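Peer 1: Below: one structure in structure tokens.
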Amino acid sequence: METTIKFYQTDTFTVGNRLLSEAERSVQAGMQRTNALNSGHRACQGCGEALGARFAVDAAMRATNNQLVACNATGCLEVFSTPYPESSWQLPWLHSLFGNAAAVATGVAAAMKVKGKQHIRVLAQGGDGGTTDIGFGCLSGMFERNDDVLYICYDNEAYMNTGVQRSSATPPAARTATTMPVGQHANGNVFGKGKSVPLIAMAHEIPYVATASVADLRDLEAKVTKAMSIHGARYIHIHVPCPLGWGADPAHTIKLARLAIESGLFPVFEAEHGEITGHRAIRAQVPVEDYLKLQKRFAHLFRAPKQVDVIAHLQAMADRNIRRFKLLEKFTSPTGGAAA
Amino acid sequence: MLKQIEGSQAVAEAIGLCRPEVICAYPITPQTHIVENLGQMVDKGQIDPCEYINVESEFAAMSVAIGASAAGARAYTATASQGLLFMAEAVYNASGLGLPIVMTIGNRAIGAPINIWNDHQDSLSMRDAGWIQLYAETNQEAVDLHIQAFRLAEELSVPVMVCVDGFILTHAYERVDIPEQAQVDAYLPPFSPRQMLDPANPVTIGAMVGPEAFMEVRYLAHYQQMQALGLIPELAEEFQQQFGRDSGGLVKPYRSADADTIVVALGSVNGTIKDVVDEMREQGVSIGSLSICTYRPFPRKAVRSALQHAKRIVVVEKSLAVGIGGIVATDVQMAVAGLHKPVHTVIAGLGGRPITRDSLRKLFHKADQGHLAHLQFLDLKHALVHEEIARMEGQRHSGPSAENILRGMGTIASQIR
């Protein structure tokens with residue numbers, strides 16, 4: 001762009017698209033957006049997953065000229081979008097089981113290849129339970145074979161569809177229906193367990209791995225677009241707050257996602273062939289307390305006596321992420337994501 | 001072309017002739033040679049175009065086949081035993097989605113105790129999964145059934161399992177007539193589903209169905225499968241005209257029209273049974289047999305009609321419904337309901353225990369004399385189990401019995417008479 005544009009920054013970091021050139025506008029801002037996940041579905045108010053999925057799938061649709069097939073794991077996204085005989089999906093969409101979305105996508109990609117229709121690309125998607133737990137075997141298999149599939153995990157940090165039970169993506173100290181802050185688990189989910197699937201994906205040395213968040217939808221769109229420009233196994237892990245499961249105000253979905261990034265609890269980065277190639281820098285680190293206090297799943301930490309040591313432990317995790325992913329170092333954005 | 005060939009290789013060659021477009025491979029004995037052979041055929045360009053995918057589990061194998069089939073490709077996989085159980089969730093899913101996948105089962109026992117040898121517990125555990133189940137009597141029939149299976153699956157939009165006895169058939173070298181490609185092409189047209197994943201015509205497949213329509217969906221699954229009772233004999237007839245062989249169909253009666261005793265069985269053991277029937281016929285015993293080729297859908301009318309003149313029915317089955325007895329026998333009993341004929345259940349050959357002519361001869365003579373129990377276990381080592389039962393009665397305590405049995409035998413478990 002030749003002229004300098006001054007961005008008006010809102011609380012959610014959204015940028016006035018009208019100020020940008022056509023080419024730089026977001027997919028969602030365009031008249032040609034596909035609304036691949038159409039309105040009328042049954043997601044809760046403030047659902048981070050519905051928001052993330054709409055942006056991700058529309059971006060993938062644009063990147064593939066609408067030549068896209070989606071395979072969905074069982075979970076909220078599947079249930080709220082397809083109550084028979086209605087469907088919100090405006091693209092060919094297949095739901096098979098909870099734990100096999102990656103393998104089903106492999107099958108679709110294989111069929112497209114054998115039919116000479118490789119221009120039709122394949123997207124697999126699931127929640128954190130369907131990805132980090134029950135679908136993990138199939139996911140790892142798809143990665144290791146480097147199948148031509150983009151897998152997107154919408155991580156809301158627990159099994160929300162079944163009523164908020166712990167998954168291996170549930171953060172320490174969080175209250176879920178199976179990690180109630182009682183008895184020997186007085187502090188909720190224990191420390192020292194769980195896993196980072198983005199890092200595990202990187203260990204497979206697949207062409208592209210990224211994390212993203214509904215707090216930065218331009219970055220999310222850019223990463224999906226970039227992923228669709230690459231062939232082979234790709235993985236994007238999107239942080240999507242769940243007002244119901246987190247005990248949060250539906251109006252706080254974006255705010256919480258942003259605080260997760262700015263505290264360091266959710267590092268936003270990307271990697272190619274196992275090497276980290278970029279990260280989204282934090283301009284000013286916020287204390288984890290700011291993030292935790294807005295969620296009832298952490299309320300037990302703030303009741304008298306306040307669990308200072310537990311909060312400090314969470315703060316140490318955030319600090320470690322900041323050191324590990326160099327989140328306070330100069331802003332890098334290889335995908336040309338948002339913010340300035 | 002006539003070949004002296006291993007059963008697994010014959011099956012692989014038959015699959016190749018059916019032009020599968022996606023093959024999912026995962027090793028499990030005794031099915032492994034089938035997917036190994038297919039891998040080589042794909043590598044050599046003998047099956048082309050075809051995507052051969054080495055998956056990480058049987059659950060993934062069926063899942064990849066589901067995705068491929070839903071996207072319009074002819075999909076195939078093979079498994080056995082624990083592998084079939086591990087993929088069980090996807091097995092039900094494939095039929096629920098109406099995907100015409102064909103899968104070979106190299107029939108094998110289910111553990112514990114772990115056992116790699118043949119019986120029918122694996123495929124029979126999936127009898128209610130919505131798949132058509134065909135049982136091969138010989139390797140020639142295994143070849144022919146696979147060719148019919150793709151046609152059947154794709155015409156009805158129902159997946160088909162072709163069950164081939166592990167080792168007894170999969171690893172046996174015998175003479176098999178492998179059809180020519182042109183013959184198979186004339187019999188089996190390319191796969192062309194009425195609905196598939198296609199951006200030009202986006203459809204939602206696998207939506208959630210609630211109480212308002214679930215019953216209807218299940219009813220239609222039953223209806224579709226029952227259509228196979230008409231289509232299977234038609235396809236077998238057409239196959240005979242084109243290939244000159246009588247393979248498949250619902251049931252195969254053998255010298256049973258006037259027999260007092262009719263022996264019913266699935267799969268390769270029918271060969272041994274027929275030999276014994278011939279021997280006993282020569283001795284003047286009124287005996288015949290009935291091989292059930294199509295087990296799902298269960299050909300109730302054909303079975304009833306074949307058994308209606310018998311005085312007694314002996315079901316020899318390589319499976320056990322723990323807590324009741326026979327699996328196949330229960331269905332046979334239902335087929336002859338109201339005819340007031342004794343149906344004897346003989347559990348035989350579990351975990352690869354050989355079913356010998358000698359044992360069958362004694363069994364059938366006993367049946368002929370009217371001395372057969374309602375339920376019995378062929379060649380059970382009674383002394384061994386009684387010893388263990390006495391031990392268990394002495395002290396009620398949980399724990400496995402397999403180790404005690406092995407100790408009681410005082411020799412390797414695989415001792416075969």
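Ordered as shown in the structure tokens, chains take letters A, B, and onward, while each chain numbers its residues from 1 and ligands are numbered from 1 in the order shown.
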Going by DSSP on the backbone, which residues of range 255-417 of chain B come out as strand (DSSP E)? List them as a PyMOL selection string.

Peer 2: chain B and resi 261-265+287-292+294-296+312-317+343-347+375-377

Peer 1: For range 122-137 of chain A, list every protein, DNA or RNA residue within 8 Å, evaluated using only C-alpha atoms, and leave out those in the same chain fewer than 3 positions away; present the list as a PDB file with C-alpha atoms, in the first residue's frame.

Peer 2:
```pdb
ATOM      1  CA  LEU A  68     -12.982 -28.071  -0.407  1.00  0.00           C
ATOM      2  CA  VAL A  69     -14.346 -31.081   1.494  1.00  0.00           C
ATOM      3  CA  ALA A  70     -14.605 -31.089   5.296  1.00  0.00           C
ATOM      4  CA  CYS A  71     -14.438 -34.123   7.590  1.00  0.00           C
ATOM      5  CA  ASN A  72     -15.664 -33.538  11.103  1.00  0.00           C
ATOM      6  CA  ALA A  73     -15.066 -35.392  14.351  1.00  0.00           C
ATOM      7  CA  THR A  74     -17.996 -35.896  16.702  1.00  0.00           C
ATOM      8  CA  GLY A  75     -18.311 -32.987  19.109  1.00  0.00           C
ATOM      9  CA  CYS A  76     -19.976 -29.619  19.614  1.00  0.00           C
ATOM     10  CA  LEU A  77     -19.167 -28.406  16.113  1.00  0.00           C
ATOM     11  CA  PHE A  98     -15.347 -39.162  17.335  1.00  0.00           C
ATOM     12  CA  GLY A  99     -11.842 -40.536  16.956  1.00  0.00           C
ATOM     13  CA  ASN A 100     -11.291 -40.911  13.220  1.00  0.00           C
ATOM     14  CA  ALA A 101     -11.629 -37.505  11.522  1.00  0.00           C
ATOM     15  CA  ALA A 102      -7.969 -37.468  10.440  1.00  0.00           C
ATOM     16  CA  ALA A 105      -9.854 -37.134   5.693  1.00  0.00           C
ATOM     17  CA  VAL A 108     -11.143 -38.524   1.064  1.00  0.00           C
ATOM     18  CA  ALA A 109      -7.769 -37.139  -0.040  1.00  0.00           C
ATOM     19  CA  SER A 140      -0.459 -39.040  14.316  1.00  0.00           C
ATOM     20  CA  GLY A 141      -0.888 -41.591  11.527  1.00  0.00           C
ATOM     21  CA  ASP A 148      -2.605 -34.042   2.035  1.00  0.00           C
ATOM     22  CA  VAL A 149      -4.943 -32.891   4.802  1.00  0.00           C
ATOM     23  CA  LEU A 150      -5.228 -29.725   6.866  1.00  0.00           C
ATOM     24  CA  TYR A 151      -6.355 -30.720  10.357  1.00  0.00           C
ATOM     25  CA  ILE A 152      -7.787 -27.948  12.520  1.00  0.00           C
ATOM     26  CA  CYS A 153      -8.272 -28.466  16.240  1.00  0.00           C
ATOM     27  CA  TYR A 154     -10.682 -26.065  17.932  1.00  0.00           C
ATOM     28  CA  ASP A 155      -9.346 -26.177  21.466  1.00  0.00           C
ATOM     29  CA  ASN A 156     -11.791 -25.164  24.178  1.00  0.00           C
ATOM     30  CA  GLU A 157      -9.849 -27.125  26.751  1.00  0.00           C
ATOM     31  CA  ALA A 158     -12.381 -29.794  27.765  1.00  0.00           C
ATOM     32  CA  TYR A 159     -15.149 -32.123  26.553  1.00  0.00           C
ATOM     33  CA  SER A 167      -9.355 -33.619  28.334  1.00  0.00           C
ATOM     34  CA  SER A 168      -5.596 -33.742  27.877  1.00  0.00           C
ATOM     35  CA  ALA A 169      -5.885 -30.110  26.745  1.00  0.00           C
ATOM     36  CA  LYS A 195       0.033 -32.401  26.285  1.00  0.00           C
ATOM     37  CA  VAL A 197      -0.351 -31.344  20.281  1.00  0.00           C
TER      38      VAL A 197
ATOM     39  CA  GLU B  56      -1.653 -47.148  11.838  1.00  0.00           C
TER      40      GLU B  56
END
```

Peer 1: Using only C-alpha atoms, which chain A residues lie at most 6 Å away from chain B, written as an NGL selection string?

Peer 2: :A and (67 or 82-84 or 91-95 or 103-104 or 106-108 or 111 or 114 or 141)

Peer 1: Identify, on the basis of only C-alpha atoms, every residue whose closest approach to Val11 in chain B does not exceed 9 Å; exclude the query and any residue fewer than 6 positions from it along the same chain; express the result as a PyMOL selection string.

Peer 2: chain B and resi 34+104+139-140+142-144+146+170

Peer 1: Would you put the residues from that selection into a file with N, CA and C atoms, as a CSV table (one decimal), in the first residue's frame?

Peer 2:
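Full text of selection.csv as output:
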```
chain,number,residue,atom,x,y,z
B,34,ILE,N,-2.6,-61.2,2.3
B,34,ILE,CA,-3.5,-60.5,1.3
B,34,ILE,C,-3.1,-59.1,1.0
B,104,THR,N,-12.2,-58.3,3.5
B,104,THR,CA,-12.0,-59.7,3.7
B,104,THR,C,-11.7,-59.9,5.2
B,139,ASN,N,-11.0,-71.9,-1.6
B,139,ASN,CA,-10.3,-70.7,-2.1
B,139,ASN,C,-10.8,-70.2,-3.4
B,140,GLN,N,-11.3,-71.2,-4.2
B,140,GLN,CA,-12.0,-70.8,-5.5
B,140,GLN,C,-13.2,-70.0,-5.2
B,142,ALA,N,-13.7,-68.3,-2.5
B,142,ALA,CA,-13.2,-67.0,-1.9
B,142,ALA,C,-13.0,-66.0,-3.0
B,143,VAL,N,-12.3,-66.4,-4.1
B,143,VAL,CA,-12.0,-65.6,-5.2
B,143,VAL,C,-13.4,-65.1,-5.8
B,144,ASP,N,-14.2,-66.0,-6.1
B,144,ASP,CA,-15.5,-65.7,-6.7
B,144,ASP,C,-16.4,-64.8,-5.9
B,146,HIS,N,-15.5,-62.6,-3.7
B,146,HIS,CA,-15.0,-61.2,-3.7
B,146,HIS,C,-15.5,-60.4,-4.9
B,170,THR,N,-6.6,-69.3,3.9
B,170,THR,CA,-5.7,-68.2,3.6
B,170,THR,C,-4.3,-68.7,3.3
```

Peer 1: For CA of Gly410 in chain B and CA of Leu375 in chain B, determine how far apart the two atoms are, in Å to one decimal place.

Peer 2: 28.4 Å

Peer 1: Enter the distance from CA of Lys113 in chain A to CA of Val35 in chain B, in Å, rounded to one decimal.

Peer 2: 20.5 Å

Peer 1: Determine, counting only C-alpha atoms, which protein, DNA and RNA residues have an atom within 10 Å of an atom of Lys296 in chain A; residues of the same chain fewer than 6 positions away are not included. Present the result as a compact mmCIF listing (two decimals) with N, CA and C atoms, in the first residue's frame.

Peer 2:
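What landed in part_36.txt:
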```txt
# COMPACT_ATOMS: atom_id res chain seq x y z
N ALA A 174 -7.91 -26.02 36.40
CA ALA A 174 -9.27 -25.76 35.92
C ALA A 174 -10.25 -26.73 36.54
N ARG A 175 -11.40 -26.20 36.86
CA ARG A 175 -12.50 -27.04 37.33
C ARG A 175 -13.22 -27.60 36.10
N PRO A 243 -17.84 -20.19 26.67
CA PRO A 243 -18.49 -19.53 27.80
C PRO A 243 -19.15 -20.52 28.77
N LEU A 244 -19.78 -21.55 28.22
CA LEU A 244 -20.46 -22.53 29.06
C LEU A 244 -19.46 -23.31 29.92
N GLY A 245 -18.45 -23.84 29.28
CA GLY A 245 -17.50 -24.71 29.99
C GLY A 245 -16.55 -23.94 30.89
N TRP A 246 -16.28 -22.70 30.54
CA TRP A 246 -15.32 -21.93 31.30
C TRP A 246 -16.01 -21.09 32.39
N GLY A 247 -17.34 -21.05 32.32
CA GLY A 247 -18.06 -20.22 33.27
C GLY A 247 -17.75 -18.75 33.03
N ALA A 248 -17.89 -18.34 31.79
CA ALA A 248 -17.51 -16.96 31.42
C ALA A 248 -18.68 -16.26 30.76
N ASP A 249 -18.64 -14.97 30.80
CA ASP A 249 -19.64 -14.15 30.14
C ASP A 249 -19.48 -14.34 28.62
N PHE A 302 -9.58 -18.19 43.88
CA PHE A 302 -9.68 -16.82 44.41
C PHE A 302 -10.55 -16.71 45.65
```

Peer 1: Any idea what the distance is between CA of Ile322 in chain A and CA of Gly278 in chain A?

Peer 2: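 Distance reported for this atom pair: 13.3 Å.
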
Peer 1: Using the chain letters and numbers from this document, which residues of range 122-341 of chain B does DSSP assign to alpha helix (DSSP H), as JSON, numbers by chain?

Peer 2: {"B": [122, 123, 124, 139, 140, 141, 142, 143, 144, 145, 146, 147, 148, 149, 150, 151, 152, 153, 154, 155, 156, 181, 182, 183, 184, 185, 186, 187, 214, 215, 216, 217, 218, 219, 220, 221, 222, 223, 224, 225, 226, 227, 228, 229, 230, 231, 232, 233, 234, 235, 236, 237, 238, 239, 240, 241, 242, 243, 269, 270, 271, 272, 273, 274, 275, 276, 277, 278, 279, 280, 281, 282, 300, 301, 302, 303, 304, 305, 306, 307, 328, 329, 330, 331, 332, 333, 334, 335]}

Peer 1: Looking at only C-alpha atoms, which of A:Ala110, A:Val214, A:Ala63, A:Ala29 is the one that sits closest to Gly232 in chain A?

Peer 2: A:Ala110

Peer 1: Just the residues within 10 Å of Gly111 in chain B, please, counting only C-alpha atoms, with nothing from its chain fewer than 2 positions along; format it as a PyMOL selection string.

Peer 2: chain B and resi 81-82+108-109+113-116+121-122+351

Peer 1: Go ahead and save the residues from that selection, with N, CA and C atoms, as an mmCIF file, in the first residue's frame.

Peer 2:
```
data_model
loop_
_atom_site.group_PDB
_atom_site.id
_atom_site.type_symbol
_atom_site.label_atom_id
_atom_site.label_comp_id
_atom_site.auth_asym_id
_atom_site.auth_seq_id
_atom_site.Cartn_x
_atom_site.Cartn_y
_atom_site.Cartn_z
ATOM 1 N N SER B 81 -9.829 -61.148 13.443
ATOM 2 C CA SER B 81 -9.729 -61.266 14.903
ATOM 3 C C SER B 81 -9.774 -59.943 15.664
ATOM 4 N N GLN B 82 -8.732 -59.699 16.460
ATOM 5 C CA GLN B 82 -8.656 -58.496 17.298
ATOM 6 C C GLN B 82 -8.776 -57.243 16.436
ATOM 7 N N ARG B 108 -10.319 -65.733 12.483
ATOM 8 C CA ARG B 108 -9.394 -66.113 13.551
ATOM 9 C C ARG B 108 -10.069 -65.911 14.902
ATOM 10 N N ALA B 109 -9.620 -66.660 15.885
ATOM 11 C CA ALA B 109 -10.184 -66.592 17.237
ATOM 12 C C ALA B 109 -9.960 -65.228 17.871
ATOM 13 N N PRO B 113 -7.554 -66.185 25.977
ATOM 14 C CA PRO B 113 -6.124 -66.157 25.690
ATOM 15 C C PRO B 113 -5.846 -65.887 24.220
ATOM 16 N N ILE B 114 -4.766 -65.174 23.989
ATOM 17 C CA ILE B 114 -4.438 -64.840 22.604
ATOM 18 C C ILE B 114 -4.209 -66.117 21.806
ATOM 19 N N ASN B 115 -4.715 -66.109 20.583
ATOM 20 C CA ASN B 115 -4.672 -67.297 19.733
ATOM 21 C C ASN B 115 -4.764 -66.807 18.295
ATOM 22 N N ILE B 116 -3.877 -67.284 17.453
ATOM 23 C CA ILE B 116 -3.871 -66.768 16.077
ATOM 24 C C ILE B 116 -4.620 -67.665 15.104
ATOM 25 N N GLN B 121 -15.285 -66.615 15.631
ATOM 26 C CA GLN B 121 -15.757 -65.683 16.664
ATOM 27 C C GLN B 121 -15.659 -64.232 16.199
ATOM 28 N N ASP B 122 -14.645 -63.933 15.387
ATOM 29 C CA ASP B 122 -14.441 -62.535 14.985
ATOM 30 C C ASP B 122 -15.578 -62.008 14.108
ATOM 31 N N GLY B 351 -10.300 -71.797 18.234
ATOM 32 C CA GLY B 351 -8.869 -71.498 18.318
ATOM 33 C C GLY B 351 -8.018 -72.415 17.465
#
```

Peer 1: Report as number ranges by chain all protein, DNA and RNA residues lying within 7 Å of Thr345 in chain B, evaluated on only C-alpha atoms, omitting residues in the same chain fewer than 6 positions from it.

Peer 2: B: 314-316, 326, 329, 374-376

Peer 1: Can you spit out the residues from that selection as a PDB file, in the first residue's frame, using C-alpha atoms?

Peer 2:
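Printed below is result.pdb as written:
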```pdb
ATOM      1  CA  VAL B 314     -26.735 -80.756  13.836  1.00  0.00           C
ATOM      2  CA  VAL B 315     -25.159 -77.301  13.706  1.00  0.00           C
ATOM      3  CA  VAL B 316     -21.374 -77.508  13.762  1.00  0.00           C
ATOM      4  CA  GLY B 326     -24.350 -71.529  19.728  1.00  0.00           C
ATOM      5  CA  ALA B 329     -27.484 -72.617  15.958  1.00  0.00           C
ATOM      6  CA  HIS B 374     -28.449 -80.416  22.948  1.00  0.00           C
ATOM      7  CA  LEU B 375     -25.112 -78.641  23.327  1.00  0.00           C
ATOM      8  CA  GLN B 376     -21.731 -80.198  23.119  1.00  0.00           C
TER       9      GLN B 376
END
```

Peer 1: At a cut-off of 9 Å, using only C-alpha atoms, what residues contact range 311-315 of chain A? Leave out same-chain residues fewer than 6 positions from it and give the result as a list in words.

Peer 2: Pro172, Ala173, Phe191, Ser263, Gly264, Leu265, Pro287, Val288, Glu289, Leu292 and Leu301 of chain A
